[in-house]
Amino acid sequence: MADSSFDIVSKVDHQEADNALNQARKEVEQRYDFKGTGASIEWSGEAVLIKASTEERAKAVLDVFQSKLIKRGISLKSLETGDPVAGSKEYRITSTIKDGISSENAKKISKIIRDEGPKSVKAQIQGDELRVQSKSRDDLQEVQRLLKAADLDVDLQFVNYR
């Protein structure tokens with residue numbers, strides 16, 4: 001019998017992230033408590049740039065953006081947010097949306113599978129994803145349960161289940 005396998009990936013639907021940002025921008029423009037504070041949110045290349053006149057306002061805009069991401073089904077583990085930075089007249093927060101599994105997280109996941117998973121399971125790091133193989137589909141499902149229960153700082157999806 002051939003080996004069964006699946007891939008562990010961390011992907012973000014960029015269209016959904018863009019929709020969340022546009023919804024957040026509309027809400028910031030329309031909300032009364034943001035009027036006259038210079039609060040804004042926009043794409044700056046691949047990063048999200050939040051500007052406001054005070055640190056609290058900048059954090060409030062970030063909170064609006066995070067709520068829109070959650071409503072769109074994007075995990076906050078995929079959002080990497082910096083600290084508010086004071087500029088000449090405004091505070092800025094730069095956030096990036098992480099796509100793919102970093103090599104140190106891939107090694108961490110691979111170690112969890114090796115140490116705590118069934119012995120017949122093998123994990124291979126392939127770029128920014130992991131391929132998990134085993135003869136038993138039950139063992140693969142056990143690995144999925146194990147990784148869902150593990151407290152990792154990356155949002156995981158399981159794809160290409162064969």
# chains A, B, ... in the order shown; residues from 1 in each chain; ligands from 1
>>> select_by_dssp(residues="region 30-141 of chain A", states="helix (DSSP H, G or I)", output="ChimeraX atom specification")
/A:30,32-34,55-71,76-78,103-116,137-141
>>> residues_around(residues="region 103-107 of chain A", least_positions_apart="2", cutoff="7 Å", atoms="only C-alpha atoms", output="list of chain:residue names")
A:Ile101, A:Ile109, A:Ser110, A:Lys111, A:Ile125, A:Leu130
>>> write_last_selection(atoms="N, CA, C and O atoms", output="short mmCIF file (atom, residue, chain, number, x, y, z; two decimals), in the first residue's frame")
data_model
loop_
_atom_site.label_atom_id
_atom_site.label_comp_id
_atom_site.auth_asym_id
_atom_site.auth_seq_id
_atom_site.Cartn_x
_atom_site.Cartn_y
_atom_site.Cartn_z
N ILE A 101 5.51 29.17 6.39
CA ILE A 101 6.04 28.75 7.68
C ILE A 101 7.54 29.04 7.68
O ILE A 101 8.26 28.61 6.78
N ILE A 109 7.73 22.39 14.50
CA ILE A 109 6.61 21.49 14.16
C ILE A 109 7.13 20.08 13.89
O ILE A 109 6.56 19.10 14.37
N SER A 110 8.22 19.99 13.15
CA SER A 110 8.82 18.69 12.84
C SER A 110 9.25 17.97 14.12
O SER A 110 9.05 16.77 14.27
N LYS A 111 9.80 18.71 15.07
CA LYS A 111 10.23 18.13 16.35
C LYS A 111 9.03 17.63 17.14
O LYS A 111 9.07 16.55 17.74
N ILE A 125 10.62 18.98 5.62
CA ILE A 125 10.48 20.41 5.39
C ILE A 125 10.74 20.68 3.91
O ILE A 125 11.77 20.28 3.37
N LEU A 130 5.47 21.89 5.14
CA LEU A 130 5.93 20.58 5.59
C LEU A 130 5.09 19.50 4.94
O LEU A 130 3.87 19.66 4.82
#
>>> closest_residue(among="A:Asp13, A:Asp63, A:Asp151, A:Glu55", to="Glu90 (chain A)", atoms="only C-alpha atoms")
A:Glu55
>>> residues_around(residues="region 137-148 of chain A", least_positions_apart="2", cutoff="7 Å", atoms="only C-alpha atoms", output="PyMOL selection string")
chain A and resi 4+113+117-118+121+134-135+150
>>> select_by_dssp(residues="region 71-133 of chain A", states="strand (DSSP E)", output="mmCIF file with all heavy atoms, in the first residue's frame")
data_model
loop_
_atom_site.group_PDB
_atom_site.id
_atom_site.type_symbol
_atom_site.label_atom_id
_atom_site.label_comp_id
_atom_site.auth_asym_id
_atom_site.auth_seq_id
_atom_site.Cartn_x
_atom_site.Cartn_y
_atom_site.Cartn_z
ATOM 1 N N LEU A 79 -0.902 37.900 11.622
ATOM 2 C CA LEU A 79 -0.620 39.338 11.626
ATOM 3 C C LEU A 79 0.526 39.626 12.587
ATOM 4 O O LEU A 79 0.448 39.310 13.768
ATOM 5 C CB LEU A 79 -1.872 40.114 12.051
ATOM 6 C CG LEU A 79 -1.785 41.632 11.995
ATOM 7 C CD1 LEU A 79 -1.725 42.092 10.541
ATOM 8 C CD2 LEU A 79 -2.979 42.261 12.683
ATOM 9 N N GLU A 80 1.583 40.198 12.056
ATOM 10 C CA GLU A 80 2.737 40.566 12.872
ATOM 11 C C GLU A 80 2.734 42.089 13.018
ATOM 12 O O GLU A 80 2.908 42.807 12.040
ATOM 13 C CB GLU A 80 4.023 40.102 12.193
ATOM 14 C CG GLU A 80 5.211 40.040 13.104
ATOM 15 C CD GLU A 80 6.361 39.329 12.408
ATOM 16 O OE1 GLU A 80 7.126 40.025 11.721
ATOM 17 O OE2 GLU A 80 6.461 38.105 12.551
ATOM 18 N N THR A 81 2.510 42.554 14.245
ATOM 19 C CA THR A 81 2.330 43.977 14.484
ATOM 20 C C THR A 81 3.498 44.552 15.266
ATOM 21 O O THR A 81 3.915 43.983 16.267
ATOM 22 C CB THR A 81 1.027 44.209 15.276
ATOM 23 O OG1 THR A 81 -0.046 43.627 14.553
ATOM 24 C CG2 THR A 81 0.757 45.684 15.452
ATOM 25 N N VAL A 85 5.118 53.846 16.818
ATOM 26 C CA VAL A 85 6.313 54.665 16.705
ATOM 27 C C VAL A 85 5.877 56.120 16.570
ATOM 28 O O VAL A 85 5.049 56.440 15.713
ATOM 29 C CB VAL A 85 7.150 54.239 15.471
ATOM 30 C CG1 VAL A 85 8.356 55.139 15.300
ATOM 31 C CG2 VAL A 85 7.550 52.790 15.579
ATOM 32 N N ALA A 86 6.430 56.976 17.407
ATOM 33 C CA ALA A 86 6.072 58.389 17.359
ATOM 34 C C ALA A 86 6.847 59.068 16.235
ATOM 35 O O ALA A 86 8.065 58.976 16.163
ATOM 36 C CB ALA A 86 6.386 59.048 18.683
ATOM 37 N N TYR A 91 1.490 59.098 15.268
ATOM 38 C CA TYR A 91 1.968 57.771 15.665
ATOM 39 C C TYR A 91 1.697 56.823 14.517
ATOM 40 O O TYR A 91 0.658 56.904 13.866
ATOM 41 C CB TYR A 91 1.246 57.289 16.932
ATOM 42 C CG TYR A 91 1.770 57.932 18.187
ATOM 43 C CD1 TYR A 91 1.320 59.178 18.586
ATOM 44 C CD2 TYR A 91 2.723 57.281 18.962
ATOM 45 C CE1 TYR A 91 1.810 59.774 19.740
ATOM 46 C CE2 TYR A 91 3.210 57.868 20.117
ATOM 47 C CZ TYR A 91 2.749 59.104 20.498
ATOM 48 O OH TYR A 91 3.247 59.688 21.628
ATOM 49 N N ARG A 92 2.647 55.894 14.295
ATOM 50 C CA ARG A 92 2.513 54.925 13.207
ATOM 51 C C ARG A 92 2.674 53.511 13.771
ATOM 52 O O ARG A 92 3.537 53.276 14.613
ATOM 53 C CB ARG A 92 3.579 55.135 12.144
ATOM 54 C CG ARG A 92 3.478 56.415 11.397
ATOM 55 C CD ARG A 92 4.683 56.610 10.501
ATOM 56 N NE ARG A 92 4.511 57.796 9.685
ATOM 57 C CZ ARG A 92 4.513 57.792 8.373
ATOM 58 N NH1 ARG A 92 4.699 56.681 7.714
ATOM 59 N NH2 ARG A 92 4.333 58.909 7.710
ATOM 60 N N ILE A 93 1.865 52.607 13.254
ATOM 61 C CA ILE A 93 2.006 51.181 13.553
ATOM 62 C C ILE A 93 2.134 50.472 12.211
ATOM 63 O O ILE A 93 1.294 50.658 11.329
ATOM 64 C CB ILE A 93 0.796 50.622 14.334
ATOM 65 C CG1 ILE A 93 0.629 51.331 15.662
ATOM 66 C CG2 ILE A 93 0.943 49.121 14.535
ATOM 67 C CD1 ILE A 93 -0.599 50.900 16.449
ATOM 68 N N THR A 94 3.182 49.681 12.064
ATOM 69 C CA THR A 94 3.372 48.909 10.842
ATOM 70 C C THR A 94 3.109 47.441 11.151
ATOM 71 O O THR A 94 3.668 46.896 12.100
ATOM 72 C CB THR A 94 4.802 49.088 10.312
ATOM 73 O OG1 THR A 94 5.061 50.480 10.145
ATOM 74 C CG2 THR A 94 4.979 48.386 8.988
ATOM 75 N N SER A 95 2.246 46.838 10.363
ATOM 76 C CA SER A 95 1.908 45.425 10.525
ATOM 77 C C SER A 95 2.156 44.702 9.209
ATOM 78 O O SER A 95 1.959 45.274 8.145
ATOM 79 C CB SER A 95 0.435 45.261 10.899
ATOM 80 O OG SER A 95 0.143 45.929 12.088
ATOM 81 N N THR A 96 2.579 43.459 9.309
ATOM 82 C CA THR A 96 2.746 42.647 8.111
ATOM 83 C C THR A 96 1.920 41.372 8.261
ATOM 84 O O THR A 96 1.692 40.900 9.378
ATOM 85 C CB THR A 96 4.217 42.262 7.872
ATOM 86 O OG1 THR A 96 4.722 41.641 9.050
ATOM 87 C CG2 THR A 96 5.052 43.472 7.546
ATOM 88 N N ILE A 97 1.510 40.844 7.139
ATOM 89 C CA ILE A 97 0.756 39.599 7.137
ATOM 90 C C ILE A 97 1.719 38.493 6.749
ATOM 91 O O ILE A 97 2.292 38.514 5.663
ATOM 92 C CB ILE A 97 -0.447 39.690 6.187
ATOM 93 C CG1 ILE A 97 -1.409 40.756 6.731
ATOM 94 C CG2 ILE A 97 -1.121 38.346 6.042
ATOM 95 C CD1 ILE A 97 -2.613 41.014 5.909
ATOM 96 N N LYS A 122 6.516 10.417 9.165
ATOM 97 C CA LYS A 122 7.734 11.141 8.784
ATOM 98 C C LYS A 122 7.341 12.539 8.318
ATOM 99 O O LYS A 122 6.383 12.695 7.584
ATOM 100 C CB LYS A 122 8.443 10.416 7.642
ATOM 101 C CG LYS A 122 8.986 9.057 7.990
ATOM 102 C CD LYS A 122 9.625 8.412 6.769
ATOM 103 C CE LYS A 122 9.966 6.974 7.018
ATOM 104 N NZ LYS A 122 8.784 6.098 7.018
ATOM 105 N N ALA A 123 8.113 13.553 8.734
ATOM 106 C CA ALA A 123 7.854 14.933 8.321
ATOM 107 C C ALA A 123 9.062 15.463 7.576
ATOM 108 O O ALA A 123 10.195 15.280 8.007
ATOM 109 C CB ALA A 123 7.567 15.800 9.533
ATOM 110 N N GLN A 124 8.818 16.088 6.419
ATOM 111 C CA GLN A 124 9.877 16.682 5.604
ATOM 112 C C GLN A 124 9.598 18.169 5.444
ATOM 113 O O GLN A 124 8.476 18.556 5.136
ATOM 114 C CB GLN A 124 9.864 16.085 4.197
ATOM 115 C CG GLN A 124 10.465 14.741 4.044
ATOM 116 C CD GLN A 124 10.383 14.357 2.573
ATOM 117 O OE1 GLN A 124 9.306 14.323 2.009
ATOM 118 N NE2 GLN A 124 11.523 14.084 1.966
ATOM 119 N N ILE A 125 10.619 18.979 5.619
ATOM 120 C CA ILE A 125 10.480 20.411 5.387
ATOM 121 C C ILE A 125 10.735 20.677 3.908
ATOM 122 O O ILE A 125 11.765 20.284 3.374
ATOM 123 C CB ILE A 125 11.463 21.208 6.263
ATOM 124 C CG1 ILE A 125 11.194 20.942 7.741
ATOM 125 C CG2 ILE A 125 11.387 22.692 5.948
ATOM 126 C CD1 ILE A 125 12.218 21.523 8.681
ATOM 127 N N GLN A 126 9.759 21.318 3.249
ATOM 128 C CA GLN A 126 9.880 21.635 1.819
ATOM 129 C C GLN A 126 9.619 23.123 1.623
ATOM 130 O O GLN A 126 8.493 23.546 1.407
ATOM 131 C CB GLN A 126 8.877 20.822 1.007
ATOM 132 C CG GLN A 126 9.105 19.336 1.093
ATOM 133 C CD GLN A 126 8.083 18.561 0.302
ATOM 134 O OE1 GLN A 126 6.964 19.014 0.094
ATOM 135 N NE2 GLN A 126 8.466 17.365 -0.124
ATOM 136 N N GLU A 129 6.706 24.982 3.663
ATOM 137 C CA GLU A 129 5.658 24.046 4.086
ATOM 138 C C GLU A 129 6.281 22.729 4.520
ATOM 139 O O GLU A 129 7.473 22.507 4.323
ATOM 140 C CB GLU A 129 4.628 23.840 2.980
ATOM 141 C CG GLU A 129 5.186 23.328 1.673
ATOM 142 C CD GLU A 129 4.124 23.266 0.587
ATOM 143 O OE1 GLU A 129 3.404 24.243 0.385
ATOM 144 O OE2 GLU A 129 4.027 22.199 -0.041
ATOM 145 N N LEU A 130 5.468 21.889 5.143
ATOM 146 C CA LEU A 130 5.930 20.578 5.590
ATOM 147 C C LEU A 130 5.086 19.500 4.942
ATOM 148 O O LEU A 130 3.871 19.655 4.825
ATOM 149 C CB LEU A 130 5.772 20.430 7.109
ATOM 150 C CG LEU A 130 6.918 20.873 7.983
ATOM 151 C CD1 LEU A 130 6.799 22.345 8.255
ATOM 152 C CD2 LEU A 130 6.886 20.116 9.277
ATOM 153 N N ARG A 131 5.713 18.401 4.532
ATOM 154 C CA ARG A 131 4.992 17.242 4.026
ATOM 155 C C ARG A 131 5.074 16.164 5.089
ATOM 156 O O ARG A 131 6.146 15.834 5.577
ATOM 157 C CB ARG A 131 5.613 16.773 2.718
ATOM 158 C CG ARG A 131 5.270 15.384 2.301
ATOM 159 C CD ARG A 131 4.287 15.153 1.179
ATOM 160 N NE ARG A 131 3.756 16.227 0.418
ATOM 161 C CZ ARG A 131 3.946 16.393 -0.890
ATOM 162 N NH1 ARG A 131 4.732 15.598 -1.549
ATOM 163 N NH2 ARG A 131 3.353 17.375 -1.524
ATOM 164 N N VAL A 132 3.929 15.628 5.471
ATOM 165 C CA VAL A 132 3.858 14.587 6.493
ATOM 166 C C VAL A 132 3.377 13.315 5.812
ATOM 167 O O VAL A 132 2.357 13.321 5.125
ATOM 168 C CB VAL A 132 2.904 14.991 7.639
ATOM 169 C CG1 VAL A 132 2.833 13.914 8.692
ATOM 170 C CG2 VAL A 132 3.337 16.313 8.240
ATOM 171 N N GLN A 133 4.125 12.194 6.006
ATOM 172 C CA GLN A 133 3.799 10.932 5.346
ATOM 173 C C GLN A 133 3.698 9.812 6.366
ATOM 174 O O GLN A 133 4.412 9.799 7.373
ATOM 175 C CB GLN A 133 4.879 10.551 4.337
ATOM 176 C CG GLN A 133 4.969 11.481 3.163
ATOM 177 C CD GLN A 133 6.095 11.096 2.230
ATOM 178 O OE1 GLN A 133 7.181 10.757 2.673
ATOM 179 N NE2 GLN A 133 5.816 11.140 0.932
#
